[in-house]
$ cat work.txt   # compact mmCIF, C-alpha atoms (C1' of nucleotides)
# COMPACT_ATOMS: atom_id res chain seq x y z
CA MET A 1 0.00 0.00 0.00
CA THR A 2 1.24 3.45 -0.90
CA VAL A 3 1.49 6.02 1.85
CA THR A 4 0.38 9.24 0.21
CA ALA A 5 1.06 12.79 1.20
CA TYR A 6 -2.62 13.04 1.92
CA SER A 7 -2.52 10.34 4.57
CA PHE A 8 0.43 12.09 6.17
CA THR A 9 -1.68 15.22 6.33
CA VAL A 10 -4.60 13.40 7.89
CA LEU A 11 -2.29 11.70 10.34
CA SER A 12 -0.70 14.93 11.42
CA LEU A 13 -4.15 16.48 11.82
CA ARG A 14 -5.18 13.56 14.01
CA ILE A 15 -2.10 14.05 16.11
CA ALA A 16 -2.71 17.77 16.22
CA SER A 17 -6.28 17.18 17.39
CA ASN A 18 -4.90 15.44 20.43
CA ASP A 19 -2.82 18.45 21.28
CA ASN A 20 -4.20 20.32 24.25
CA THR A 21 -4.38 23.63 22.43
CA GLN A 22 -6.40 22.15 19.58
CA ILE A 23 -8.84 20.50 21.95
CA ALA A 24 -9.18 23.68 23.96
CA ILE A 25 -10.24 25.67 20.91
CA ALA A 26 -13.73 24.19 20.59
CA ALA A 27 -14.35 24.33 24.34
CA THR A 28 -13.15 27.92 24.56
CA VAL A 29 -15.22 29.12 21.63
CA THR A 30 -18.27 27.26 22.89
CA ARG A 31 -17.95 28.89 26.30
CA TRP A 32 -17.67 32.26 24.60
CA TYR A 33 -20.75 31.46 22.53
CA ASP A 34 -22.77 30.55 25.61
CA ALA A 35 -22.17 34.02 26.97
CA ASN A 36 -22.35 36.01 23.73
CA ALA A 37 -24.70 34.29 21.27
CA ARG A 38 -27.15 36.48 19.43
CA ASP A 39 -30.78 35.59 20.01
CA LEU A 40 -31.82 34.54 16.52
CA ALA A 41 -35.29 33.12 15.95
CA TRP A 42 -34.12 30.01 14.12
CA ARG A 43 -31.81 29.11 16.99
CA ARG A 44 -34.56 29.01 19.57
CA PRO A 45 -35.59 25.63 20.96
CA GLY A 46 -38.98 25.77 19.26
CA ALA A 47 -37.54 26.18 15.76
CA SER A 48 -38.40 23.25 13.50
CA PRO A 49 -35.94 21.52 11.14
CA TRP A 50 -37.83 23.21 8.30
CA GLY A 51 -37.30 26.56 9.99
CA VAL A 52 -33.60 25.84 10.30
CA LEU A 53 -33.40 24.79 6.65
CA VAL A 54 -35.23 27.92 5.48
CA SER A 55 -32.92 30.11 7.55
CA GLU A 56 -29.81 28.47 6.12
CA VAL A 57 -30.97 28.98 2.55
CA MET A 58 -31.90 32.60 3.22
CA LEU A 59 -28.54 33.20 4.88
CA GLN A 60 -26.57 32.06 1.83
CA GLN A 61 -24.65 35.20 0.86
CA THR A 62 -27.14 37.35 2.77
CA GLN A 63 -26.75 39.25 6.05
CA VAL A 64 -28.56 38.18 9.21
CA SER A 65 -30.22 41.58 9.61
CA ARG A 66 -31.97 41.21 6.26
CA VAL A 67 -32.96 37.59 6.84
CA GLU A 68 -34.64 38.03 10.21
CA PRO A 69 -37.88 39.73 9.06
CA ALA A 70 -38.06 37.66 5.89
CA TRP A 71 -37.78 34.43 7.88
CA GLN A 72 -40.58 35.44 10.25
CA THR A 73 -42.94 36.25 7.42
CA TRP A 74 -42.01 33.13 5.50
CA MET A 75 -42.51 30.78 8.44
CA GLU A 76 -45.89 32.27 9.27
CA ARG A 77 -47.06 31.75 5.73
CA TRP A 78 -45.40 28.37 5.08
CA PRO A 79 -44.83 26.68 8.46
CA THR A 80 -44.09 23.29 6.84
CA PRO A 81 -42.68 22.04 3.52
CA ALA A 82 -46.18 20.88 2.57
CA HIS A 83 -47.57 24.40 2.94
CA LEU A 84 -44.93 25.78 0.59
CA ALA A 85 -45.22 22.93 -1.90
CA ALA A 86 -48.97 23.56 -2.13
CA ASP A 87 -48.42 27.07 -3.50
CA PRO A 88 -47.03 27.93 -6.93
CA PRO A 89 -43.27 28.57 -7.17
CA GLY A 90 -43.97 32.13 -8.31
CA GLU A 91 -45.41 32.87 -4.88
CA ALA A 92 -42.14 31.79 -3.26
CA ILE A 93 -40.23 34.05 -5.64
CA ARG A 94 -42.56 36.95 -4.90
CA ALA A 95 -42.29 36.47 -1.14
CA TRP A 96 -38.51 36.29 -1.47
CA ASP A 97 -38.81 39.95 -2.36
CA ARG A 98 -35.40 41.68 -2.37
CA LEU A 99 -33.36 39.07 -0.50
CA GLY A 100 -31.39 38.50 -3.69
CA TYR A 101 -30.48 35.44 -5.76
CA PRO A 102 -34.15 34.53 -6.40
CA ARG A 103 -33.03 31.16 -7.70
CA ARG A 104 -32.79 30.29 -4.02
CA ALA A 105 -36.53 30.83 -3.67
CA LEU A 106 -37.26 28.66 -6.69
CA ARG A 107 -35.00 25.91 -5.36
CA LEU A 108 -36.46 26.19 -1.88
CA HIS A 109 -39.86 25.57 -3.40
CA ALA A 110 -38.47 22.59 -5.30
CA CYS A 111 -36.85 21.45 -2.07
CA ALA A 112 -40.19 21.57 -0.26
CA THR A 113 -41.78 19.59 -3.06
CA ALA A 114 -39.02 16.96 -2.90
CA ILE A 115 -39.38 16.71 0.88
CA VAL A 116 -43.11 16.06 0.49
CA GLU A 117 -42.59 13.52 -2.29
CA ARG A 118 -39.54 11.69 -1.02
CA HIS A 119 -39.67 12.16 2.74
CA ASP A 120 -43.34 12.27 3.62
CA GLY A 121 -43.14 15.99 4.32
CA GLU A 122 -40.43 15.70 6.98
CA VAL A 123 -37.01 17.28 6.56
CA PRO A 124 -34.58 14.34 6.33
CA ASP A 125 -32.03 14.05 9.11
CA ASP A 126 -29.06 12.60 7.26
CA VAL A 127 -26.48 14.49 5.24
CA GLU A 128 -26.78 12.28 2.17
CA ALA A 129 -30.51 12.81 1.83
CA LEU A 130 -30.16 16.52 2.52
CA LEU A 131 -27.45 16.86 -0.13
CA ALA A 132 -29.80 15.33 -2.67
CA LEU A 133 -32.32 18.17 -2.20
CA PRO A 134 -32.40 21.18 -4.55
CA GLY A 135 -30.43 24.17 -3.30
CA ILE A 136 -28.78 22.21 -0.49
CA GLY A 137 -25.03 21.88 -0.85
CA THR A 138 -22.02 20.94 1.24
CA TYR A 139 -22.52 23.67 3.79
CA THR A 140 -26.30 23.70 4.15
CA ALA A 141 -26.69 19.91 4.39
CA ARG A 142 -24.29 19.76 7.32
CA ALA A 143 -25.70 22.89 8.92
CA VAL A 144 -29.19 21.38 8.97
CA ALA A 145 -27.92 18.02 10.25
CA ALA A 146 -25.97 19.75 13.01
CA PHE A 147 -28.30 22.57 14.04
CA ALA A 148 -31.68 20.94 13.54
CA PHE A 149 -30.76 17.35 14.40
CA ARG A 150 -27.82 17.96 16.74
CA GLN A 151 -25.40 15.74 14.84
CA ARG A 152 -21.62 15.90 14.68
CA HIS A 153 -20.51 17.20 11.28
CA PRO A 154 -17.99 19.80 10.18
CA VAL A 155 -20.13 22.83 9.27
CA VAL A 156 -17.85 24.96 7.15
CA ASP A 157 -18.84 28.31 5.77
CA THR A 158 -16.82 31.43 5.04
CA ASN A 159 -16.75 32.32 8.75
CA VAL A 160 -15.42 28.96 9.84
CA ARG A 161 -12.84 28.88 7.06
CA ARG A 162 -11.59 32.25 8.23
CA VAL A 163 -11.55 31.38 11.95
CA VAL A 164 -9.65 28.16 11.36
CA ALA A 165 -7.31 29.75 8.83
CA ARG A 166 -6.37 32.36 11.40
CA ALA A 167 -6.47 30.54 14.70
CA VAL A 168 -5.00 27.24 13.53
CA ALA A 169 -3.16 27.79 10.25
CA GLY A 170 -1.94 31.30 11.02
CA GLU A 171 -3.19 32.68 7.71
CA ALA A 172 -5.09 35.89 7.18
CA ASP A 173 -8.02 34.34 5.33
CA GLY A 174 -9.66 31.08 4.42
CA GLY A 175 -10.15 29.96 0.84
CA ALA A 176 -13.02 31.07 -1.33
CA ASN A 177 -14.70 27.67 -1.27
CA THR A 178 -14.86 24.78 1.15
CA THR A 179 -12.52 21.94 0.21
CA PRO A 180 -12.45 18.37 1.56
CA ALA A 181 -9.30 19.41 3.44
CA ASP A 182 -11.30 22.19 5.14
CA LEU A 183 -13.94 19.69 6.24
CA ARG A 184 -11.23 17.47 7.65
CA ALA A 185 -9.45 20.33 9.40
CA VAL A 186 -12.66 21.39 11.12
CA GLU A 187 -13.80 17.86 11.87
CA VAL A 188 -10.72 17.17 13.99
CA LEU A 189 -11.49 20.21 16.11
CA LEU A 190 -14.96 18.98 17.06
CA PRO A 191 -15.63 17.28 20.38
CA GLU A 192 -16.68 13.65 20.10
CA ASP A 193 -20.04 14.22 21.77
CA GLU A 194 -22.71 15.02 19.18
CA GLU A 195 -24.47 17.79 21.09
CA ALA A 196 -21.18 19.37 22.08
CA ALA A 197 -20.00 19.21 18.46
CA ALA A 198 -23.19 20.85 17.22
CA ARG A 199 -22.75 23.64 19.74
CA ALA A 200 -19.10 24.09 18.78
CA SER A 201 -20.16 24.41 15.14
CA VAL A 202 -22.55 27.32 15.74
CA ALA A 203 -19.97 28.81 18.04
CA PHE A 204 -17.27 28.82 15.35
CA MET A 205 -19.65 30.47 12.93
CA GLU A 206 -20.76 33.06 15.44
CA LEU A 207 -17.19 33.94 16.32
CA GLY A 208 -16.36 34.46 12.65
CA ALA A 209 -19.51 36.50 12.11
CA VAL A 210 -19.16 38.94 14.99
CA VAL A 211 -15.54 38.91 16.20
CA CYS A 212 -13.16 37.28 13.74
CA THR A 213 -14.57 39.30 10.87
CA ALA A 214 -13.07 39.66 7.42
CA ARG A 215 -12.43 43.40 7.43
CA ALA A 216 -11.68 44.60 10.95
CA PRO A 217 -11.43 41.68 13.40
CA ARG A 218 -12.09 42.55 17.04
CA CYS A 219 -9.13 40.62 18.39
CA GLU A 220 -9.40 42.33 21.79
CA GLU A 221 -12.77 40.61 22.26
CA CYS A 222 -11.68 37.26 20.93
CA PRO A 223 -11.53 34.28 23.29
CA LEU A 224 -8.74 32.81 21.14
CA THR A 225 -6.51 35.85 21.16
CA ALA A 226 -3.88 34.14 23.31
CA VAL A 227 -3.60 31.05 21.08
CA CYS A 228 -4.45 32.44 17.64
CA ALA A 229 -1.66 31.43 15.27
CA TRP A 230 -2.31 34.40 13.00
CA ARG A 231 -2.17 36.86 15.89
CA LEU A 232 0.95 35.24 17.30
CA ALA A 233 2.56 35.59 13.88
CA GLY A 234 1.88 39.32 13.96
CA SER A 235 -1.34 39.27 11.91
CA PRO A 236 0.36 39.06 8.51
CA PRO A 237 -1.68 40.34 5.55
CA PRO A 238 -3.14 37.89 3.01
CA ASP A 239 -0.48 36.54 0.68
CA GLY A 240 -2.41 35.15 -2.29
CA PRO A 241 -3.69 37.15 -5.24
CA ALA A 242 -6.42 39.64 -4.37
CA ARG A 243 -9.84 38.39 -5.35
CA ARG A 244 -11.41 40.11 -8.31
CA SER A 245 -13.73 42.85 -7.15
CA GLN A 246 -17.29 42.29 -8.24
CA ARG A 247 -19.13 45.03 -10.03
CA TYR A 248 -22.90 45.05 -9.95
CA HIS A 249 -24.29 48.23 -11.44
CA GLY A 250 -24.95 47.79 -15.13
CA THR A 251 -24.20 44.06 -15.17
CA ASP A 252 -26.51 41.34 -16.45
CA ARG A 253 -27.28 40.52 -12.85
CA TYR A 254 -28.37 44.07 -12.27
CA VAL A 255 -30.70 43.97 -15.28
CA ARG A 256 -32.11 40.63 -14.17
CA GLY A 257 -32.85 42.31 -10.85
CA LEU A 258 -34.70 45.14 -12.57
CA LEU A 259 -36.81 42.70 -14.57
CA MET A 260 -37.61 40.56 -11.55
CA ALA A 261 -38.68 43.60 -9.54
CA VAL A 262 -41.27 44.46 -12.19
CA LEU A 263 -42.60 40.90 -12.33
CA ARG A 264 -42.76 40.54 -8.54
CA ALA A 265 -44.77 43.72 -8.28
CA SER A 266 -47.41 42.64 -10.78
CA ASP A 267 -50.33 40.33 -10.06
CA THR A 268 -50.99 39.94 -13.76
CA PRO A 269 -48.77 38.98 -16.70
CA VAL A 270 -46.62 41.87 -17.86
CA PRO A 271 -46.56 42.97 -21.53
CA ALA A 272 -43.11 42.93 -23.14
CA GLU A 273 -43.12 46.71 -23.52
CA ARG A 274 -43.17 47.19 -19.77
CA LEU A 275 -40.02 45.13 -19.48
CA ASP A 276 -38.44 47.02 -22.38
CA ALA A 277 -38.78 50.18 -20.31
CA VAL A 278 -36.51 49.03 -17.47
CA TRP A 279 -33.19 49.16 -19.36
CA PRO A 280 -32.12 50.91 -22.56
CA ASP A 281 -29.66 48.33 -23.88
CA ALA A 282 -31.89 45.90 -25.79
CA ASP A 283 -29.14 43.32 -26.23
CA GLN A 284 -28.44 43.14 -22.57
CA ARG A 285 -32.13 43.16 -21.70
CA HIS A 286 -32.80 40.24 -23.99
CA ARG A 287 -29.84 38.36 -22.61
CA ALA A 288 -31.06 38.91 -19.04
CA LEU A 289 -34.62 37.88 -19.88
CA ALA A 290 -33.44 34.79 -21.75
CA GLY A 291 -31.42 33.84 -18.70
CA LEU A 292 -34.39 34.26 -16.40
CA LEU A 293 -36.55 32.15 -18.70
CA ALA A 294 -33.86 29.46 -18.86
CA ASP A 295 -33.58 29.48 -15.09
CA GLY A 296 -37.32 28.99 -14.70
CA LEU A 297 -37.71 32.25 -12.81
CA VAL A 298 -39.93 33.74 -15.52
CA ARG A 299 -42.60 32.28 -17.82
CA ARG A 300 -43.57 33.64 -21.21
CA ARG A 301 -47.11 33.48 -22.55
CA GLU A 302 -47.38 34.98 -25.99
CA GLU A 303 -46.07 38.51 -25.59
CA THR A 304 -46.41 38.65 -21.81
CA TYR A 305 -44.18 37.58 -18.95
CA ALA A 306 -44.91 36.45 -15.40
CA LEU A 307 -43.50 34.57 -12.45
CA PRO A 308 -43.97 30.78 -12.80
CA GLY A 309 -47.50 29.75 -11.83
C1' DG B 1 -12.26 25.31 -11.13
C1' DA B 2 -13.76 29.37 -12.57
C1' DC B 3 -17.92 31.82 -13.17
C1' DA B 4 -22.70 33.41 -12.81
C1' DC B 5 -25.94 34.53 -9.75
C1' DG B 6 -29.07 39.94 -6.29
C1' DT B 7 -29.17 43.12 -2.97
C1' DG B 8 -27.80 46.01 0.65
C1' DG B 9 -25.10 46.82 5.16
C1' DA B 10 -20.77 48.67 6.71
C1' DT B 11 -16.86 51.56 6.32
C1' DT C 1 -19.28 57.61 -3.31
C1' DA C 2 -16.80 53.36 -3.97
C1' DT C 3 -15.52 49.07 -2.44
C1' DC C 4 -15.79 45.12 0.25
C1' DC C 5 -18.27 41.32 1.30
C1' DA C 6 -22.17 38.66 3.34
C1' DA C 7 -24.24 31.31 7.14
C1' DG C 8 -23.17 29.20 -1.01
C1' DT C 9 -24.94 26.42 -4.96
C1' DG C 10 -24.93 24.68 -9.51
C1' DT C 11 -22.87 24.41 -13.85
$ encode --input "work.txt" --output "structure tokens"
Amino acid sequence: MTVTAYSFTVLSLRIASNDNTQIAIAATVTRWYDANARDLAWRRPGASPWGVLVSEVMLQQTQVSRVEPAWQTWMERWPTPAHLAADPPGEAIRAWDRLGYPRRALRLHACATAIVERHDGEVPDDVEALLALPGIGTYTARAVAAFAFRQRHPVVDTNVRRVVARAVAGEADGGANTTPADLRAVEVLLPEDEEAAARASVAFMELGAVVCTARAPRCEECPLTAVCAWRLAGSPPPDGPARRSQRYHGTDRYVRGLLMAVLRASDTPVPAERLDAVWPDADQRHRALAGLLADGLVRRREETYALPG
DNA sequence: GACACGTGGAT
DNA sequence: TATCCAAGTGT
């Protein structure tokens, strides 16, 4: 049998996880979380697995402050997957309002439908089944399994990548996407006990969200300040290439947003001319509309357009 | 693996 | 005002 570099890495991580400092990290952050956690509706004891799932989808690339009211409204209207599945997908898109990335709303509706069809209306409690649902990827599947069902899984989002990159690896930032190595690196930090691991997972995320932030970390408030490898190395700046800055104004995404806003606001199909009025560049407008049609976010009927019924 | 995909809070 | 970037997923 060949001993690969990968198995060396895993072995050294296993050894590292037995190190006192490594073990102390989860306990320390969890203790900090117990004293400092924000009171978010989807974290309360009464929150259902469906509520947790909805919150995780809404939180994808979207700030907590914008999600809170949207989640409340959504859960009152569609308290279970069956409630959502019973309404047309266009209603989910309309209710999504300005949360952004409306494909998430369409997929959440498809997700509810799949839960009703494949799981008797109950959110599944295993990562494999969750991963098979529309709009549920590496992060969200594990987040739901951990936070709704109190299981032990590495829950790795941008916050956790950053916290671990800094505290453990001594780097300024985590990668742009979660890799299998990231999952492994976080997994070895988790306590063996399932409930304790689930609590450590929220705690890591919370620390990254409110203290170990991307722009101006509040290291004075950080429970890991004494052991943080990045801090101990003098907080070196990021070394890799700077990520490309994303423009929005005037992009296809922007035009898609303009078109969707018109369609959301209308209870009746919208004539093509009304859409023509939102943006002067006809080429770009057509490209945006074609994309929306291809994505299933918009339906055409003759010369009118509407959200999918 | 890079890229597309919305919208707005924070600085 | 401009720029960063926010609990990612799917292609």
$ interface_residues --input "work.txt" --of "chain B" --to "chain A" --cutoff "8 Å" --atoms "only C-alpha atoms (C1' of nucleotides)" --output "list of chain:residue names"
B:DC5, B:DG6, B:DT7, B:DG9
$ interface_residues --input "work.txt" --of "chain C" --to "chain A" --cutoff "6 Å" --atoms "all atoms listed in the file" --output "list in words"
DA6, DA7 and DG8 of chain C
$ atom_distance --input "work.txt" --atom1 "CA of Arg274 (chain A)" --atom2 "CA of Glu91 (chain A)"
20.8 Å
$ atom_distance --input "work.txt" --atom1 "CA of Arg118 (chain A)" --atom2 "CA of Ala82 (chain A)"
11.9 Å
$ atom_distance --input "work.txt" --atom1 "CA of Ala200 (chain A)" --atom2 "CA of Thr30 (chain A)"
5.3 Å
